[in-house]
file run-v4.pdb (PDB, C-alpha atoms and all ligand atoms)
ATOM      1  CA  MET A   1      13.425 103.695 127.906
ATOM      2  CA  ASN A   2      14.143 106.556 125.539
ATOM      3  CA  ILE A   3      16.904 106.632 122.941
ATOM      4  CA  LEU A   4      19.253 108.686 125.146
ATOM      5  CA  ARG A   5      18.955 106.141 127.942
ATOM      6  CA  LEU A   6      19.530 103.313 125.459
ATOM      7  CA  SER A   7      22.739 104.890 124.129
ATOM      8  CA  PHE A   8      23.972 105.431 127.679
ATOM      9  CA  VAL A   9      23.503 101.748 128.454
ATOM     10  CA  ALA A  10      25.184 100.783 125.167
ATOM     11  CA  ALA A  11      28.150 103.031 125.978
ATOM     12  CA  ALA A  12      28.443 101.551 129.458
ATOM     13  CA  LEU A  13      28.414  98.010 128.059
ATOM     14  CA  ALA A  14      31.020  98.928 125.443
ATOM     15  CA  GLY A  15      33.186 100.453 128.178
ATOM     16  CA  ALA A  16      32.947  97.293 130.261
ATOM     17  CA  ALA A  17      33.927  95.208 127.231
ATOM     18  CA  LEU A  18      36.943  97.450 126.549
ATOM     19  CA  PHE A  19      38.245  97.228 130.089
ATOM     20  CA  ALA A  20      37.788  93.469 130.104
ATOM     21  CA  ALA A  21      40.535  93.289 127.437
ATOM     22  CA  PRO A  22      43.763  91.524 128.426
ATOM     23  CA  VAL A  23      46.098  93.781 130.440
ATOM     24  CA  TRP A  24      49.369  91.980 129.712
ATOM     25  CA  ALA A  25      49.687  93.220 126.139
ATOM     26  CA  HIS A  26      50.587  96.677 124.923
ATOM     27  CA  ALA A  27      49.396  98.237 121.702
ATOM     28  CA  PHE A  28      51.926  97.762 118.941
ATOM     29  CA  LEU A  29      51.435  98.253 115.253
ATOM     30  CA  ASP A  30      50.203  95.015 113.700
ATOM     31  CA  HIS A  31      49.793  96.175 110.106
ATOM     32  CA  ALA A  32      49.082  99.307 108.099
ATOM     33  CA  VAL A  33      47.810 100.559 104.732
ATOM     34  CA  PRO A  34      49.946 101.510 102.866
ATOM     35  CA  SER A  35      51.945  98.582 104.263
ATOM     36  CA  VAL A  36      55.061  99.098 106.353
ATOM     37  CA  GLY A  37      58.045  99.360 104.015
ATOM     38  CA  SER A  38      55.932  98.955 100.895
ATOM     39  CA  THR A  39      56.260 100.609  97.500
ATOM     40  CA  SER A  40      52.983 101.311  95.784
ATOM     41  CA  GLN A  41      51.666 102.957  92.644
ATOM     42  CA  GLY A  42      49.352 105.871  93.246
ATOM     43  CA  ALA A  43      48.861 108.101  96.254
ATOM     44  CA  PRO A  44      46.855 106.843  99.252
ATOM     45  CA  ARG A  45      44.002 109.076 100.457
ATOM     46  CA  GLN A  46      44.320 107.917 104.046
ATOM     47  CA  LEU A  47      46.554 106.033 106.442
ATOM     48  CA  VAL A  48      45.145 102.998 108.227
ATOM     49  CA  LEU A  49      47.011 101.656 111.252
ATOM     50  CA  SER A  50      45.901  98.456 112.961
ATOM     51  CA  PHE A  51      47.207  97.770 116.456
ATOM     52  CA  THR A  52      47.392  94.711 118.684
ATOM     53  CA  GLN A  53      45.069  96.307 121.219
ATOM     54  CA  ASN A  54      42.145  98.737 121.266
ATOM     55  CA  ILE A  55      43.150 102.391 121.135
ATOM     56  CA  VAL A  56      41.995 105.547 122.902
ATOM     57  CA  PRO A  57      41.927 108.005 119.958
ATOM     58  CA  ALA A  58      41.777 111.137 122.130
ATOM     59  CA  PHE A  59      45.290 110.386 123.434
ATOM     60  CA  SER A  60      46.698 109.047 120.176
ATOM     61  CA  GLY A  61      48.178 110.692 117.117
ATOM     62  CA  VAL A  62      49.685 110.031 113.718
ATOM     63  CA  SER A  63      51.944 112.355 111.733
ATOM     64  CA  LEU A  64      53.216 112.120 108.194
ATOM     65  CA  THR A  65      56.540 113.481 106.925
ATOM     66  CA  SER A  66      57.306 114.090 103.253
ATOM     67  CA  PRO A  67      60.460 112.971 101.369
ATOM     68  CA  ALA A  68      61.748 116.536 101.870
ATOM     69  CA  GLY A  69      61.224 116.266 105.627
ATOM     70  CA  ALA A  70      58.185 118.549 105.742
ATOM     71  CA  SER A  71      55.056 117.839 107.736
ATOM     72  CA  VAL A  72      52.126 116.704 105.572
ATOM     73  CA  PRO A  73      48.708 117.912 106.801
ATOM     74  CA  THR A  74      46.497 115.098 108.062
ATOM     75  CA  GLY A  75      42.955 114.920 109.384
ATOM     76  CA  LYS A  76      41.759 113.978 112.844
ATOM     77  CA  VAL A  77      42.689 110.506 114.042
ATOM     78  CA  VAL A  78      39.561 108.368 114.253
ATOM     79  CA  VAL A  79      38.900 104.783 115.261
ATOM     80  CA  ALA A  80      37.593 102.571 112.473
ATOM     81  CA  PRO A  81      33.853 101.956 112.945
ATOM     82  CA  SER A  82      34.310  98.185 112.694
ATOM     83  CA  ASP A  83      37.506  97.832 114.738
ATOM     84  CA  PRO A  84      38.515  99.796 117.890
ATOM     85  CA  ALA A  85      42.134  98.628 117.382
ATOM     86  CA  THR A  86      42.379 100.407 114.010
ATOM     87  CA  LEU A  87      43.032 104.113 113.465
ATOM     88  CA  GLN A  88      42.209 105.999 110.273
ATOM     89  CA  VAL A  89      43.772 109.319 109.297
ATOM     90  CA  SER A  90      42.923 111.221 106.126
ATOM     91  CA  ILE A  91      45.749 112.766 104.127
ATOM     92  CA  GLY A  92      45.322 116.484 103.438
ATOM     93  CA  ARG A  93      46.785 116.573  99.933
ATOM     94  CA  THR A  94      47.742 114.319  97.039
ATOM     95  CA  LEU A  95      51.130 112.818  97.764
ATOM     96  CA  SER A  96      53.824 112.972  95.104
ATOM     97  CA  PRO A  97      56.234 110.057  94.562
ATOM     98  CA  GLY A  98      58.900 109.450  97.180
ATOM     99  CA  THR A  99      59.429 107.907 100.597
ATOM    100  CA  TYR A 100      57.246 109.062 103.476
ATOM    101  CA  VAL A 101      57.602 108.492 107.209
ATOM    102  CA  VAL A 102      54.652 107.817 109.479
ATOM    103  CA  HIS A 103      55.117 108.474 113.203
ATOM    104  CA  TRP A 104      52.478 107.102 115.542
ATOM    105  CA  HIS A 105      51.900 107.358 119.267
ATOM    106  CA  VAL A 106      48.973 105.688 120.918
ATOM    107  CA  VAL A 107      47.428 105.056 124.290
ATOM    108  CA  SER A 108      45.738 101.697 124.512
ATOM    109  CA  VAL A 109      42.734 100.851 126.669
ATOM    110  CA  ASP A 110      45.103  99.580 129.379
ATOM    111  CA  THR A 111      46.428 103.214 129.539
ATOM    112  CA  HIS A 112      49.911 102.255 128.333
ATOM    113  CA  HIS A 113      51.676 104.563 125.894
ATOM    114  CA  THR A 114      53.599 103.216 122.917
ATOM    115  CA  SER A 115      55.029 104.829 119.804
ATOM    116  CA  GLY A 116      56.892 104.006 116.646
ATOM    117  CA  SER A 117      57.417 104.896 113.019
ATOM    118  CA  TYR A 118      57.593 103.288 109.603
ATOM    119  CA  LYS A 119      58.124 104.227 105.978
ATOM    120  CA  PHE A 120      56.279 103.683 102.753
ATOM    121  CA  THR A 121      57.174 104.704  99.227
ATOM    122  CA  ILE A 122      55.079 105.942  96.327
ATOM    123  CA  ALA A 123      56.634 104.887  93.041
ATOM    124  CA  PRO A 124      57.251 107.543  90.365
TER     125      PRO A 124
HETATM  126 CU    CU A 201      49.865  97.571 127.982
END
call {"tool": "encode", "arguments": {"input": "run-v4.pdb", "output": "structure tokens"}}
result
Amino acid sequence: MNILRLSFVAAALAGAALFAAPVWAHAFLDHAVPSVGSTSQGAPRQLVLSFTQNIVPAFSGVSLTSPAGASVPTGKVVVAPSDPATLQVSIGRTLSPGTYVVHWHVVSVDTHHTSGSYKFTIAP
């Protein structure tokens, strides 16, 4: 069995595990870094959003809005290597103090779509 064959089998097993997840729950935001509603010192370099269910990153997105209402550039949404229910998004520039809004929309492994938003503040 070569390495390609091995990774195919691993992917198939992972897929089976994902679809064995409970179907009665939808993916809602469980917690985030920076925390929902928090005020922190210093600018975060990335947003981390942990959901109640595993996420399909290809159909999910996160956007960040500045205190002035402008869109802040962010990187590609990726699933955390250790947790398929957690998304990581890099922030494209150093954030200045103020209150930011994070909008998220995700598709969970049960194919259901959910969305929401929250704020966090960077202290002056
Ligand atoms: Cu659901």
call {"tool": "resolve_selection", "arguments": {"input": "run-v4.pdb", "expression": "the PyMOL selection byres (((chain A and resi 98) around 6) and not hetatm)", "output": "ChimeraX atom specification"}}
result
/A:67,97,99,121-122
call {"tool": "closest_residue", "arguments": {"input": "run-v4.pdb", "among": "A:Gln46, A:Gln53, A:Ser96, A:Ser115", "to": "ligand CU 201 (chain A)", "atoms": "only C-alpha atoms and all ligand atoms"}}
result
A:Gln53
call {"tool": "resolve_selection", "arguments": {"input": "run-v4.pdb", "expression": "the PyMOL selection byres (((chain A and resi 28) around 8) and not hetatm)", "output": "tab-separated table (two decimals) with C-alpha atoms, keeping the file's coordinate frame"}}
result
chain	number	residue	atom	x	y	z
A	26	HIS	CA	50.59	96.68	124.92
A	27	ALA	CA	49.40	98.24	121.70
A	29	LEU	CA	51.44	98.25	115.25
A	30	ASP	CA	50.20	95.02	113.70
A	51	PHE	CA	47.21	97.77	116.46
A	52	THR	CA	47.39	94.71	118.68
A	53	GLN	CA	45.07	96.31	121.22
A	114	THR	CA	53.60	103.22	122.92
A	115	SER	CA	55.03	104.83	119.80
call {"tool": "resolve_selection", "arguments": {"input": "run-v4.pdb", "expression": "the PyMOL selection byres (((chain A and resi 40) around 10) and not hetatm)", "output": "list of chain:residue names"}}
result
A:Pro34, A:Ser35, A:Gly37, A:Ser38, A:Thr39, A:Gln41, A:Gly42, A:Ala43, A:Pro44, A:Pro97, A:Phe120, A:Thr121, A:Ile122, A:Ala123, A:Pro124
call {"tool": "closest_residue", "arguments": {"input": "run-v4.pdb", "among": "A:Ala70, A:Gly116, A:Leu64, A:Ile55", "to": "ligand CU 201 (chain A)", "atoms": "only C-alpha atoms and all ligand atoms"}}
result
A:Ile55
call {"tool": "atom_distance", "arguments": {"input": "run-v4.pdb", "atom1": "CA of His105 in chain A", "atom2": "CA of Ser60 in chain A"}}
result
5.5 Å
call {"tool": "build_atoms", "arguments": {"input": "run-v4.pdb", "residues": "range 102-114 of chain A", "atoms": "N, CA, C and O atoms", "output": "CSV table (one decimal), in the coordinates of the input"}}
result
chain,number,residue,atom,x,y,z
A,102,VAL,N,55.8,107.7,108.6
A,102,VAL,CA,54.7,107.8,109.5
A,102,VAL,C,55.1,107.6,110.9
A,102,VAL,O,55.8,106.6,111.2
A,103,HIS,N,54.8,108.6,111.8
A,103,HIS,CA,55.1,108.5,113.2
A,103,HIS,C,53.8,108.3,113.9
A,103,HIS,O,52.8,109.0,113.6
A,104,TRP,N,53.7,107.3,114.8
A,104,TRP,CA,52.5,107.1,115.5
A,104,TRP,C,52.8,107.0,117.0
A,104,TRP,O,53.9,106.6,117.5
A,105,HIS,N,51.8,107.5,117.8
A,105,HIS,CA,51.9,107.4,119.3
A,105,HIS,C,50.5,107.1,119.7
A,105,HIS,O,49.5,107.8,119.3
A,106,VAL,N,50.3,106.1,120.5
A,106,VAL,CA,49.0,105.7,120.9
A,106,VAL,C,48.9,105.4,122.4
A,106,VAL,O,49.9,105.0,123.0
A,107,VAL,N,47.7,105.5,122.9
A,107,VAL,CA,47.4,105.1,124.3
A,107,VAL,C,46.4,104.0,124.1
A,107,VAL,O,45.3,104.2,123.5
A,108,SER,N,46.7,102.8,124.6
A,108,SER,CA,45.7,101.7,124.5
A,108,SER,C,44.8,101.7,125.7
A,108,SER,O,44.9,102.5,126.6
A,109,VAL,N,43.8,100.9,125.6
A,109,VAL,CA,42.7,100.9,126.7
A,109,VAL,C,43.3,100.4,128.0
A,109,VAL,O,42.6,100.7,129.0
A,110,ASP,N,44.5,99.9,128.1
A,110,ASP,CA,45.1,99.6,129.4
A,110,ASP,C,45.9,100.8,129.9
A,110,ASP,O,46.7,100.6,130.9
A,111,THR,N,45.8,101.9,129.2
A,111,THR,CA,46.4,103.2,129.5
A,111,THR,C,47.9,103.3,129.2
A,111,THR,O,48.6,104.3,129.5
A,112,HIS,N,48.5,102.2,128.6
A,112,HIS,CA,49.9,102.3,128.3
A,112,HIS,C,50.2,103.0,127.0
A,112,HIS,O,49.4,103.0,126.1
A,113,HIS,N,51.3,103.7,127.0
A,113,HIS,CA,51.7,104.6,125.9
A,113,HIS,C,52.8,103.9,125.1
A,113,HIS,O,53.8,103.4,125.7
A,114,THR,N,52.6,103.8,123.8
A,114,THR,CA,53.6,103.2,122.9
A,114,THR,C,53.7,104.1,121.7
A,114,THR,O,52.8,104.9,121.4
